[in-house]
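Colleague: So here's work.csv, just CSV, C-alpha atoms:
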chain,number,residue,atom,x,y,z
A,1,MET,CA,8.6,130.0,133.3
A,2,ALA,CA,7.6,126.4,134.1
A,3,VAL,CA,10.3,123.8,133.4
A,4,VAL,CA,9.0,120.2,133.3
A,5,ARG,CA,10.1,116.8,132.4
A,6,MET,CA,8.4,116.2,129.0
A,7,ASP,CA,7.3,112.6,128.7
A,8,ALA,CA,4.2,110.6,128.0
A,9,ALA,CA,3.0,111.0,131.6
A,10,PHE,CA,3.2,114.8,131.4
A,11,LEU,CA,1.4,114.9,128.1
A,12,ASN,CA,-1.4,112.9,129.6
A,13,THR,CA,-1.9,115.6,132.3
A,14,LEU,CA,-2.4,118.5,129.8
A,15,CYS,CA,-5.8,120.0,130.3
A,16,PRO,CA,-7.4,123.5,130.5
A,17,ALA,CA,-7.3,123.3,134.3
A,18,LEU,CA,-3.5,123.8,134.1
A,19,VAL,CA,-4.0,127.3,132.7
A,20,PRO,CA,-4.1,129.8,135.6
A,21,GLN,CA,-7.3,131.7,136.1
A,22,GLY,CA,-7.4,134.9,134.0
A,23,LYS,CA,-4.7,133.8,131.6
A,24,LYS,CA,-5.2,132.7,128.0
A,25,LYS,CA,-2.2,130.3,127.9
A,26,VAL,CA,0.7,128.9,129.8
A,27,ASN,CA,4.1,127.7,128.5
A,28,TYR,CA,6.0,124.6,129.7
A,29,TYR,CA,9.7,124.2,128.8
A,30,SER,CA,11.6,120.9,128.4
A,31,ASP,CA,14.2,120.2,131.0
A,32,ARG,CA,16.4,118.4,128.4
A,33,ASP,CA,15.7,120.1,125.1
A,34,THR,CA,16.9,123.7,125.0
A,35,GLY,CA,14.1,126.0,123.9
A,36,LEU,CA,11.5,123.2,123.3
A,37,MET,CA,8.2,124.1,124.8
A,38,ILE,CA,4.5,123.3,124.9
A,39,GLU,CA,2.0,126.1,124.7
A,40,LEU,CA,-1.3,125.2,126.4
A,41,SER,CA,-4.3,127.4,125.8
A,42,ALA,CA,-7.2,127.9,128.1
A,43,ASN,CA,-9.4,126.1,125.6
A,44,GLY,CA,-7.3,123.0,126.0
A,45,ARG,CA,-5.3,123.2,122.8
A,46,ALA,CA,-1.6,122.4,123.1
A,47,ALA,CA,1.2,122.8,120.5
A,48,TYR,CA,5.0,122.3,120.4
A,49,TYR,CA,7.2,125.3,119.8
A,50,GLN,CA,10.9,125.7,119.4
A,51,ARG,CA,12.5,128.9,120.7
A,52,PHE,CA,15.9,130.2,119.6
A,53,THR,CA,17.9,133.4,119.4
A,54,ASN,CA,18.7,134.7,116.0
A,55,GLU,CA,22.0,136.3,114.9
A,56,HIS,CA,20.7,139.7,116.0
A,57,GLY,CA,20.0,138.5,119.5
A,58,ARG,CA,16.2,138.5,119.1
A,59,LEU,CA,14.2,135.7,120.7
A,60,ARG,CA,12.1,133.9,118.1
A,61,ALA,CA,9.8,130.9,118.1
A,62,ILE,CA,8.6,128.5,115.5
A,63,ARG,CA,5.4,126.3,115.8
A,64,LEU,CA,6.3,122.7,115.2
A,65,GLY,CA,2.8,121.2,115.4
A,66,ALA,CA,-0.1,120.3,117.6
A,67,VAL,CA,0.3,117.9,120.5
A,68,GLY,CA,-1.3,114.7,119.2
A,69,GLU,CA,-0.7,115.6,115.5
A,70,ILE,CA,3.0,115.0,115.9
A,71,THR,CA,4.8,113.0,118.6
A,72,LEU,CA,7.1,114.3,121.2
A,73,ASP,CA,10.0,112.5,119.5
A,74,GLN,CA,9.2,114.2,116.2
A,75,ALA,CA,9.0,117.6,118.0
A,76,ARG,CA,12.4,117.0,119.5
A,77,LYS,CA,14.0,116.1,116.1
A,78,GLN,CA,12.5,119.2,114.4
A,79,GLY,CA,13.6,121.4,117.3
A,80,ALA,CA,17.1,120.1,117.1
A,81,LYS,CA,17.3,121.0,113.4
A,82,ILE,CA,16.0,124.5,114.1
A,83,ARG,CA,18.6,125.0,116.8
A,84,GLY,CA,21.3,123.8,114.5
A,85,ARG,CA,20.3,126.2,111.7
A,86,ALA,CA,20.1,129.1,114.2
A,87,SER,CA,23.6,128.3,115.4
A,88,LEU,CA,24.9,128.7,111.8
A,89,GLY,CA,23.5,132.2,111.6
A,90,GLU,CA,20.2,131.4,109.9
A,91,ASP,CA,16.8,132.6,111.1
A,92,PRO,CA,14.4,129.7,110.6
A,93,ALA,CA,11.4,131.8,111.7
A,94,GLU,CA,12.2,134.4,109.0
A,95,THR,CA,12.6,131.6,106.4
A,96,LYS,CA,9.3,130.2,107.4
A,97,ARG,CA,7.7,133.6,107.1
A,98,GLU,CA,9.1,134.1,103.6
A,99,LYS,CA,7.9,130.7,102.7
A,100,ARG,CA,4.4,131.6,103.6
A,101,ALA,CA,4.7,134.9,101.7
A,102,THR,CA,6.1,133.2,98.6
A,103,PRO,CA,3.5,132.9,95.8
A,104,THR,CA,3.1,130.0,93.5
A,105,TYR,CA,4.1,130.7,89.9
A,106,GLY,CA,0.4,130.5,89.0
A,107,GLU,CA,-0.4,133.3,91.6
A,108,TYR,CA,2.4,135.4,90.2
A,109,ALA,CA,1.8,135.0,86.5
A,110,PRO,CA,-1.2,137.4,86.2
A,111,ARG,CA,0.9,140.2,87.5
A,112,TYR,CA,3.6,139.5,84.9
A,113,LEU,CA,1.1,139.3,82.1
A,114,ALA,CA,-0.7,142.5,83.2
A,115,HIS,CA,2.7,144.3,83.1
A,116,THR,CA,3.8,143.0,79.6
A,117,ALA,CA,0.4,143.9,78.2
A,118,THR,CA,1.2,147.6,78.8
A,119,TYR,CA,4.1,147.7,76.4
A,120,GLN,CA,4.4,144.6,74.2
A,121,ARG,CA,3.2,144.8,70.7
A,122,SER,CA,1.9,141.2,70.8
A,123,PRO,CA,0.9,140.5,74.4
A,124,ASP,CA,-1.5,137.8,73.1
A,125,THR,CA,1.5,135.8,72.0
A,126,THR,CA,3.1,136.0,75.5
A,127,GLU,CA,-0.2,135.0,77.0
A,128,GLN,CA,-0.5,132.0,74.7
A,129,TYR,CA,2.9,130.7,75.6
A,130,MET,CA,2.2,131.2,79.2
A,131,ARG,CA,-1.1,129.3,79.0
A,132,LYS,CA,0.0,126.5,76.7
A,133,HIS,CA,3.5,125.7,77.8
A,134,ILE,CA,4.5,127.4,81.1
A,135,LEU,CA,1.6,127.3,83.5
A,136,PRO,CA,0.8,123.6,82.9
A,137,ARG,CA,4.2,122.8,84.4
A,138,TRP,CA,4.8,125.6,86.9
A,139,GLN,CA,1.4,126.8,88.0
A,140,LYS,CA,1.4,125.1,91.4
A,141,VAL,CA,5.1,125.4,92.1
A,142,LEU,CA,6.3,128.0,94.7
A,143,LEU,CA,8.8,130.5,93.2
A,144,SER,CA,11.3,129.4,95.8
A,145,ASP,CA,11.0,125.8,94.6
A,146,ILE,CA,11.8,126.4,90.9
A,147,ARG,CA,15.2,124.8,90.4
A,148,GLN,CA,17.5,125.1,87.5
A,149,GLU,CA,17.7,121.4,86.9
A,150,ASP,CA,13.9,121.1,86.8
A,151,ALA,CA,13.7,124.0,84.3
A,152,ALA,CA,16.3,122.3,82.1
A,153,LEU,CA,14.4,119.0,82.3
A,154,TRP,CA,11.1,120.8,81.4
A,155,LEU,CA,12.7,122.3,78.3
A,156,GLY,CA,14.2,118.9,77.4
A,157,GLU,CA,10.7,117.3,77.7
A,158,MET,CA,9.3,119.9,75.3
A,159,ALA,CA,11.9,118.8,72.8
A,160,GLN,CA,11.0,115.1,73.3
A,161,LYS,CA,7.4,115.9,72.7
A,162,GLY,CA,8.3,117.3,69.3
A,163,PHE,CA,8.0,121.0,69.8
A,164,ALA,CA,10.0,123.1,67.3
A,165,PRO,CA,13.2,124.6,68.7
A,166,ALA,CA,11.8,128.1,68.1
A,167,THR,CA,8.8,127.2,70.2
A,168,ILE,CA,11.0,125.9,73.0
A,169,GLU,CA,13.2,129.0,72.9
A,170,ARG,CA,10.2,131.3,73.0
A,171,ALA,CA,8.8,129.5,76.0
A,172,ARG,CA,12.3,129.7,77.7
A,173,VAL,CA,12.5,133.4,77.0
A,174,VAL,CA,9.1,134.2,78.4
A,175,PHE,CA,9.7,132.0,81.5
A,176,SER,CA,13.1,133.6,82.1
A,177,HIS,CA,11.8,137.1,81.6
A,178,SER,CA,9.0,136.6,84.1
A,179,LEU,CA,11.4,135.4,86.7
A,180,LYS,CA,13.8,138.3,86.0
A,181,LEU,CA,11.0,140.8,86.7
A,182,ALA,CA,10.0,138.9,89.8
A,183,LEU,CA,13.6,139.4,91.1
A,184,GLN,CA,13.5,143.1,90.2
A,185,TRP,CA,10.1,143.6,91.9
A,186,GLY,CA,11.3,141.8,95.1
A,187,VAL,CA,8.7,139.1,94.9
A,188,PRO,CA,9.4,136.7,97.9
A,189,GLY,CA,11.0,133.4,97.2
A,190,LEU,CA,13.5,134.2,94.5
A,191,THR,CA,17.2,135.0,95.1
A,192,LYS,CA,18.3,134.3,91.5
A,193,ASN,CA,16.9,133.5,88.1
A,194,PRO,CA,17.0,129.7,87.8
A,195,VAL,CA,16.7,129.8,84.0
A,196,VAL,CA,19.9,131.8,83.5
A,197,GLY,CA,22.7,129.4,82.6
A,198,ILE,CA,20.6,126.7,81.0
A,199,PRO,CA,22.2,126.0,77.5
A,200,ARG,CA,20.0,127.1,74.6
A,201,GLN,CA,19.0,124.6,71.9
A,202,PRO,CA,20.6,125.5,68.6
A,203,LEU,CA,18.1,127.2,66.3
A,204,ASN,CA,18.1,126.7,62.6
A,205,ASN,CA,14.8,128.3,61.5
A,206,ALA,CA,16.1,129.8,58.3
A,207,ARG,CA,13.7,128.1,55.9
A,208,GLU,CA,15.2,128.3,52.4
A,209,ARG,CA,12.2,128.9,50.2
A,210,TYR,CA,12.3,131.5,47.5
A,211,LEU,CA,10.2,132.2,44.4
A,212,THR,CA,11.6,131.7,41.0
A,213,THR,CA,10.6,134.1,38.2
A,214,GLU,CA,8.3,131.4,36.7
A,215,GLU,CA,6.7,130.7,40.1
A,216,ALA,CA,6.1,134.4,40.7
A,217,GLN,CA,4.3,134.6,37.3
A,218,ARG,CA,2.1,131.7,38.3
A,219,LEU,CA,1.3,133.3,41.6
A,220,ARG,CA,0.5,136.6,40.0
A,221,GLN,CA,-2.1,134.9,37.8
A,222,ALA,CA,-3.6,133.0,40.8
A,223,VAL,CA,-4.1,136.1,42.9
A,224,GLU,CA,-5.6,138.0,39.9
A,225,GLN,CA,-8.4,135.3,40.0
A,226,SER,CA,-8.9,135.4,43.7
A,227,ARG,CA,-12.3,136.3,45.1
A,228,ASN,CA,-10.5,138.6,47.5
A,229,LYS,CA,-9.9,141.6,45.1
A,230,GLN,CA,-7.3,143.1,47.5
A,231,LEU,CA,-5.1,139.9,47.5
A,232,LYS,CA,-3.3,140.8,44.3
A,233,TYR,CA,-2.2,144.2,45.9
A,234,ILE,CA,-1.2,142.6,49.2
A,235,VAL,CA,0.9,139.9,47.5
A,236,GLY,CA,2.3,142.2,44.9
A,237,LEU,CA,3.5,144.8,47.5
A,238,LEU,CA,4.9,142.1,49.7
A,239,ILE,CA,7.2,141.0,46.9
A,240,GLN,CA,7.9,144.5,45.6
A,241,CYS,CA,8.7,146.0,49.1
A,242,GLY,CA,10.0,143.0,51.1
A,243,CYS,CA,8.0,144.2,54.0
A,244,ARG,CA,6.3,142.2,56.7
A,245,VAL,CA,2.6,141.2,56.4
A,246,SER,CA,1.6,143.0,59.6
A,247,GLU,CA,3.4,146.2,58.4
A,248,LEU,CA,1.5,146.2,55.1
A,249,LEU,CA,-1.9,145.4,56.6
A,250,GLN,CA,-1.6,148.2,59.1
A,251,ALA,CA,-0.3,150.8,56.6
A,252,GLU,CA,-2.1,154.0,56.2
A,253,TRP,CA,-2.1,156.5,53.3
A,254,SER,CA,-0.6,159.2,55.5
A,255,HIS,CA,2.5,157.0,55.9
A,256,PHE,CA,3.4,157.3,52.2
A,257,ASP,CA,5.3,160.0,50.4
A,258,LEU,CA,4.8,159.0,46.8
A,259,ASP,CA,6.8,161.9,45.4
A,260,ARG,CA,9.9,160.9,47.4
A,261,ARG,CA,9.0,157.2,46.9
A,262,LEU,CA,9.1,156.4,50.6
A,263,TRP,CA,6.9,154.5,52.9
A,264,ARG,CA,7.3,155.3,56.6
A,265,VAL,CA,6.5,152.2,58.7
A,266,ALA,CA,5.4,153.8,61.9
A,267,GLN,CA,6.2,150.8,64.1
A,268,SER,CA,8.3,147.9,62.8
A,269,LYS,CA,9.2,144.7,64.5
A,270,SER,CA,12.0,146.4,66.4
A,271,GLY,CA,9.5,148.9,67.8
A,272,LYS,CA,11.1,151.8,65.8
A,273,ALA,CA,10.0,153.6,62.7
A,274,ARG,CA,11.8,152.8,59.5
A,275,PHE,CA,11.5,153.9,55.8
A,276,VAL,CA,10.8,151.5,53.0
A,277,PRO,CA,11.9,152.7,49.5
A,278,LEU,CA,9.3,152.1,46.8
A,279,SER,CA,10.1,150.7,43.4
A,280,GLN,CA,8.3,151.8,40.3
A,281,GLY,CA,6.4,148.5,40.3
A,282,ALA,CA,5.2,149.2,43.9
A,283,LEU,CA,4.2,152.8,42.9
A,284,ASP,CA,2.2,151.4,39.9
A,285,LEU,CA,0.3,149.0,42.3
A,286,ILE,CA,-0.4,151.7,44.8
A,287,ALA,CA,-1.8,153.9,42.0
A,288,GLU,CA,-4.3,151.1,41.2
A,289,LEU,CA,-5.5,150.7,44.8
A,290,PRO,CA,-9.2,151.6,45.4
A,291,ARG,CA,-9.7,154.3,47.9
A,292,TYR,CA,-12.6,154.3,50.4
A,293,LYS,CA,-14.1,157.5,51.8
A,294,GLY,CA,-13.1,158.1,55.4
A,295,CYS,CA,-10.8,155.1,55.5
A,296,PRO,CA,-7.2,155.8,56.3
A,297,TYR,CA,-5.8,152.3,55.5
A,298,LEU,CA,-3.9,151.5,52.4
A,299,ILE,CA,-5.4,148.0,51.8
A,300,PRO,CA,-8.4,147.6,54.1
A,301,ASN,CA,-11.0,144.9,54.2
A,302,PRO,CA,-13.8,146.4,52.0
A,303,ALA,CA,-16.5,144.9,54.2
A,304,THR,CA,-15.2,146.6,57.4
A,305,LEU,CA,-12.9,149.3,56.2
A,306,LYS,CA,-10.5,148.1,58.9
A,307,PRO,CA,-7.2,146.2,58.6
A,308,TRP,CA,-7.6,142.6,57.6
A,309,VAL,CA,-7.7,140.2,60.6
A,310,GLY,CA,-6.5,137.4,58.4
A,311,ILE,CA,-6.1,136.5,54.8
A,312,PHE,CA,-5.0,132.9,55.1
A,313,MET,CA,-8.1,131.4,53.3
A,314,SER,CA,-7.7,133.5,50.2
A,315,TRP,CA,-3.9,133.1,50.3
A,316,ASP,CA,-4.1,129.3,50.7
A,317,THR,CA,-6.5,129.0,47.8
A,318,ALA,CA,-4.2,131.2,45.5
A,319,ARG,CA,-1.0,129.4,46.4
A,320,LYS,CA,-2.5,126.0,45.8
A,321,GLN,CA,-4.0,127.2,42.5
A,322,ALA,CA,-0.5,128.4,41.5
A,323,GLY,CA,1.0,124.9,42.4
A,324,LEU,CA,2.9,126.3,45.4
A,325,PRO,CA,1.3,124.6,48.4
A,326,ASP,CA,4.5,124.9,50.5
A,327,LEU,CA,4.9,128.6,49.9
A,328,ARG,CA,4.3,130.7,53.1
A,329,ILE,CA,3.3,134.3,52.8
A,330,HIS,CA,6.4,135.2,54.8
A,331,ASP,CA,8.4,133.6,52.0
A,332,LEU,CA,7.4,136.6,49.8
A,333,ARG,CA,9.7,138.7,52.0
A,334,HIS,CA,12.5,136.2,51.5
A,335,SER,CA,11.9,136.2,47.8
A,336,ALA,CA,12.1,140.0,47.6
A,337,ALA,CA,15.6,139.7,49.2
A,338,SER,CA,16.6,136.9,46.9
A,339,PHE,CA,15.8,138.9,43.8
A,340,MET,CA,17.8,141.8,45.1
A,341,ALA,CA,20.8,139.5,45.9
A,342,ALA,CA,20.6,137.9,42.5
A,343,ALA,CA,20.7,141.4,41.0
A,344,GLY,CA,24.0,142.1,42.7
A,345,ILE,CA,22.8,144.3,45.5
A,346,ASP,CA,25.1,144.0,48.5
A,347,LEU,CA,23.8,142.5,51.8
A,348,TYR,CA,24.1,145.7,53.8
A,349,THR,CA,21.7,147.4,51.4
A,350,ILE,CA,19.3,144.5,51.4
A,351,GLY,CA,19.3,144.5,55.2
A,352,LYS,CA,18.5,148.2,55.2
A,353,VAL,CA,15.6,147.7,52.8
A,354,LEU,CA,14.2,144.8,54.9
A,355,GLY,CA,14.7,146.6,58.2
A,356,HIS,CA,17.0,144.1,59.7
A,357,ALA,CA,18.3,145.3,63.0
A,358,ASN,CA,21.2,142.7,62.9
A,359,TYR,CA,23.4,142.3,59.9
A,360,LYS,CA,23.7,138.6,60.7
A,361,THR,CA,20.0,138.2,59.8
A,362,THR,CA,20.7,139.2,56.2
A,363,THR,CA,23.6,136.8,55.7
A,364,ARG,CA,21.2,134.0,55.0
A,365,TYR,CA,20.9,135.5,51.5
A,366,ALA,CA,24.6,135.5,50.8
A,367,HIS,CA,24.6,132.4,48.8
A,368,LEU,CA,22.0,133.8,46.4
A,369,ALA,CA,24.6,136.3,45.1
A,370,ASN,CA,26.8,133.4,43.9
A,371,ASP,CA,26.8,134.5,40.2
A,372,GLN,CA,28.3,137.9,41.3
A,373,LEU,CA,30.8,136.3,43.5
A,374,ILE,CA,31.9,134.0,40.7
A,375,ALA,CA,32.2,136.9,38.4
A,376,ALA,CA,34.4,138.7,41.0
A,377,VAL,CA,36.9,135.9,41.3
A,378,GLU,CA,37.0,135.4,37.5
A,379,ALA,CA,37.8,139.1,37.1
A,380,GLY,CA,40.6,138.9,39.7
A,381,ALA,CA,42.1,135.8,38.1
A,382,ALA,CA,42.0,137.5,34.6
A,383,LYS,CA,43.7,140.6,36.0
A,384,LEU,CA,46.4,138.4,37.5
A,385,GLY,CA,47.3,137.1,34.0
A,386,VAL,CA,49.0,134.0,35.1
A,387,ASP,CA,47.7,130.5,34.3
A,388,TRP,CA,48.7,128.5,37.4
A,389,ALA,CA,47.2,125.4,35.9
A,390,ALA,CA,49.3,125.4,32.8
A,391,LYS,CA,52.0,122.7,32.6
A,392,PRO,CA,55.5,124.1,32.6
A,393,VAL,CA,57.4,123.9,29.3
A,394,LYS,CA,60.3,121.4,29.4
A,395,GLU,CA,63.6,122.7,28.4
A,396,GLU,CA,65.3,120.7,25.6
A,397,GLU,CA,68.3,118.8,26.6
A,398,PRO,CA,71.5,119.8,24.8
A,399,ALA,CA,72.5,117.5,22.0
A,400,ALA,CA,75.3,115.0,22.7
A,401,PRO,CA,78.7,116.1,21.3
Would you give me this structure, written as structure tokens?
Modeller:
Amino acid sequence: MAVVRMDAAFLNTLCPALVPQGKKKVNYYSDRDTGLMIELSANGRAAYYQRFTNEHGRLRAIRLGAVGEITLDQARKQGAKIRGRASLGEDPAETKREKRATPTYGEYAPRYLAHTATYQRSPDTTEQYMRKHILPRWQKVLLSDIRQEDAALWLGEMAQKGFAPATIERARVVFSHSLKLALQWGVPGLTKNPVVGIPRQPLNNARERYLTTEEAQRLRQAVEQSRNKQLKYIVGLLIQCGCRVSELLQAEWSHFDLDRRLWRVAQSKSGKARFVPLSQGALDLIAELPRYKGCPYLIPNPATLKPWVGIFMSWDTARKQAGLPDLRIHDLRHSAASFMAAAGIDLYTIGKVLGHANYKTTTRYAHLANDQLIAAVEAGAAKLGVDWAAKPVKEEEPAAP
């Protein structure tokens, strides 16, 4: 082991001739900086290294930089930092190795998307949020460099750009879930999920739009006149059953037990099968449906005999013709619930019909049963039989003697 006085004069002497014959390299150690050395190769390349002993007693070395690319003073300062970290029980060499093994988020994202595509019902939606919102911000960032404050700032910037709270929340959920799986899979660079703990924005997406009876009549007339002859059945069953559009468009004849008046939705939003009860109006509509030989679907596209890819154009024409340009097709599901609530059906039953996994989702329709609630309190007050608002009768004062 050669110990030398490292200074400018020594650096000027470095040349291939200093490497002994038959050796590939030679190491020179500083006489004043513990563990600092210069490795000189037979081809004349020289580089600074800092050696140290880790907490397990193993001798490790970290390359600081090539002689000439960094100065001797810079090498000494870097070496001092490494020795300090090692004295506190860290292993700077292992940290550096992990840093090299840590992927950027853009390198990791395809693995996450490939995994979610194996079980998610709508992997395209996840891919869309990844492509439009997540990757533009995090693609070039190492997983180890994703900090909670930066993630919170990113979500705040989305809000400032005018994205809806639901969009921001969905992006947050996808980003957080991807990092959660990276932790489970042991992807280098993560020790915790930096998104966990960021306050969520309050969501208020319950759009209050329900059809009145008069509006429903106008809509029925409009869909009757549609060039899409299947539209009247689609709209009619959405209102009659309160189902989701995707559930109806994917429905097959084999899913229906018309004798028992039940429709088995094979895979609902929750991922589980559920049963939809069929009203007489729904049964009458189903009885009118045209059947196509060899086609299993209830309301297919007649041109392809496959489920409709989209019905927006015909729906948009019909709603505008009915004078309801703000009516979304999903509002038909809300309207089905509103008519049930107005008829006095309790919220628990409505939730079961709609397939709500959470009772809280159904409470948005509570105010629609107001007439029944008023009738309830009126009945209770009448049973009480006491008029609390009546003015008390004054007792007559006795006549003066």
Colleague: Rounded to one decimal in Å, what is the spacing between CA of Asn12 (chain A) and CA of Arg51 (chain A)?
Modeller: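 One can read the CA of Asn12 (chain A) to CA of Arg51 (chain A) distance as 23.0 Å.
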Colleague: For the point (-7.8, 135.3, 41.2) in file coordinates, what residues are within 12 Å, counting all atoms listed in the file? Give the answer as an mmCIF file with C-alpha atoms, in the frame of the given file?
Modeller:
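What follows is the written file result.cif:
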data_model
loop_
_atom_site.group_PDB
_atom_site.id
_atom_site.type_symbol
_atom_site.label_atom_id
_atom_site.label_comp_id
_atom_site.auth_asym_id
_atom_site.auth_seq_id
_atom_site.Cartn_x
_atom_site.Cartn_y
_atom_site.Cartn_z
ATOM 1 C CA ARG A 218 2.100 131.700 38.300
ATOM 2 C CA LEU A 219 1.300 133.300 41.600
ATOM 3 C CA ARG A 220 0.500 136.600 40.000
ATOM 4 C CA GLN A 221 -2.100 134.900 37.800
ATOM 5 C CA ALA A 222 -3.600 133.000 40.800
ATOM 6 C CA VAL A 223 -4.100 136.100 42.900
ATOM 7 C CA GLU A 224 -5.600 138.000 39.900
ATOM 8 C CA GLN A 225 -8.400 135.300 40.000
ATOM 9 C CA SER A 226 -8.900 135.400 43.700
ATOM 10 C CA ARG A 227 -12.300 136.300 45.100
ATOM 11 C CA ASN A 228 -10.500 138.600 47.500
ATOM 12 C CA LYS A 229 -9.900 141.600 45.100
ATOM 13 C CA GLN A 230 -7.300 143.100 47.500
ATOM 14 C CA LEU A 231 -5.100 139.900 47.500
ATOM 15 C CA LYS A 232 -3.300 140.800 44.300
ATOM 16 C CA TYR A 233 -2.200 144.200 45.900
ATOM 17 C CA VAL A 235 0.900 139.900 47.500
ATOM 18 C CA SER A 314 -7.700 133.500 50.200
ATOM 19 C CA TRP A 315 -3.900 133.100 50.300
ATOM 20 C CA ASP A 316 -4.100 129.300 50.700
ATOM 21 C CA THR A 317 -6.500 129.000 47.800
ATOM 22 C CA ALA A 318 -4.200 131.200 45.500
ATOM 23 C CA ARG A 319 -1.000 129.400 46.400
ATOM 24 C CA LYS A 320 -2.500 126.000 45.800
ATOM 25 C CA GLN A 321 -4.000 127.200 42.500
ATOM 26 C CA ALA A 322 -0.500 128.400 41.500
#
Colleague: Could you tell me how far CA of Ile198 (chain A) lies from CA of Tyr108 (chain A), in Å and to one decimal?
Modeller: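 Separation between CA of Ile198 (chain A) and CA of Tyr108 (chain A): 22.2 Å.
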Colleague: Calculated over only C-alpha atoms, which of the candidates A:Asn54, A:Thr34, A:Gln148, A:Gln128 has the smallest distance to Ala80 (chain A)?
Modeller: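 For Ala80 (chain A), the nearest of the candidates is A:Thr34.
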Colleague: Excluding same-chain residues fewer than 2 positions from Pro300 (chain A), what lies within 12 Å of it counting only C-alpha atoms, as a PyMOL selection string?
Modeller: chain A and resi 228-231+233-234+248-253+289-298+302-311
Colleague: Can you tell me how far CA of Glu157 (chain A) sits from CA of Glu169 (chain A), in Å to one decimal?
Modeller: 12.9 Å
Colleague: Can you tell me, as a PyMOL selection string, what residues are no more than 10 Å from Thr349 (chain A) when counting all atoms listed in the file, ignoring any on the same chain fewer than 5 positions away?
Modeller: chain A and resi 340-341+354-355+362
Colleague: Using C-alpha atoms, can you write the selected residues to a file as a PDB file, in the coordinates of the input?
Modeller:
ATOM      1  CA  MET A 340      17.800 141.800  45.100  1.00  0.00           C
ATOM      2  CA  ALA A 341      20.800 139.500  45.900  1.00  0.00           C
ATOM      3  CA  LEU A 354      14.200 144.800  54.900  1.00  0.00           C
ATOM      4  CA  GLY A 355      14.700 146.600  58.200  1.00  0.00           C
ATOM      5  CA  THR A 362      20.700 139.200  56.200  1.00  0.00           C
TER       6      THR A 362
END
Colleague: Given the choices A:Val4, A:Gly186, A:Thr212, A:Cys243, which gets closest to Ala342 (chain A) if the distance is worked out from all atoms listed in the file?
Modeller: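 Going through A:Val4, A:Gly186, A:Thr212, A:Cys243 one by one, the smallest distance to Ala342 (chain A) is for A:Thr212.
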Colleague: Could you build a table of the residues in region 49-99 of chain A lying no more than 10 Å from region 16-31 of chain A, giving for each the nearest pair of atoms and their separation in Å rounded to one decimal place, using all atoms listed in the file, ordered by chain and ascending residue number, as CSV?
Modeller:
residue,atom,partner,partner_atom,distance
A:Tyr49,CA,A:Tyr29,CA,9.4
A:Gln50,CA,A:Tyr29,CA,9.6
A:Arg51,CA,A:Tyr29,CA,9.8
A:Arg76,CA,A:Ser30,CA,9.7
Colleague: Region 256-262 of chain A: which residues within 6 Å, counting all atoms listed in the file, same-chain residues fewer than 2 positions away excluded, as a ChimeraX atom specification?
Modeller: /A:253-254,276-278
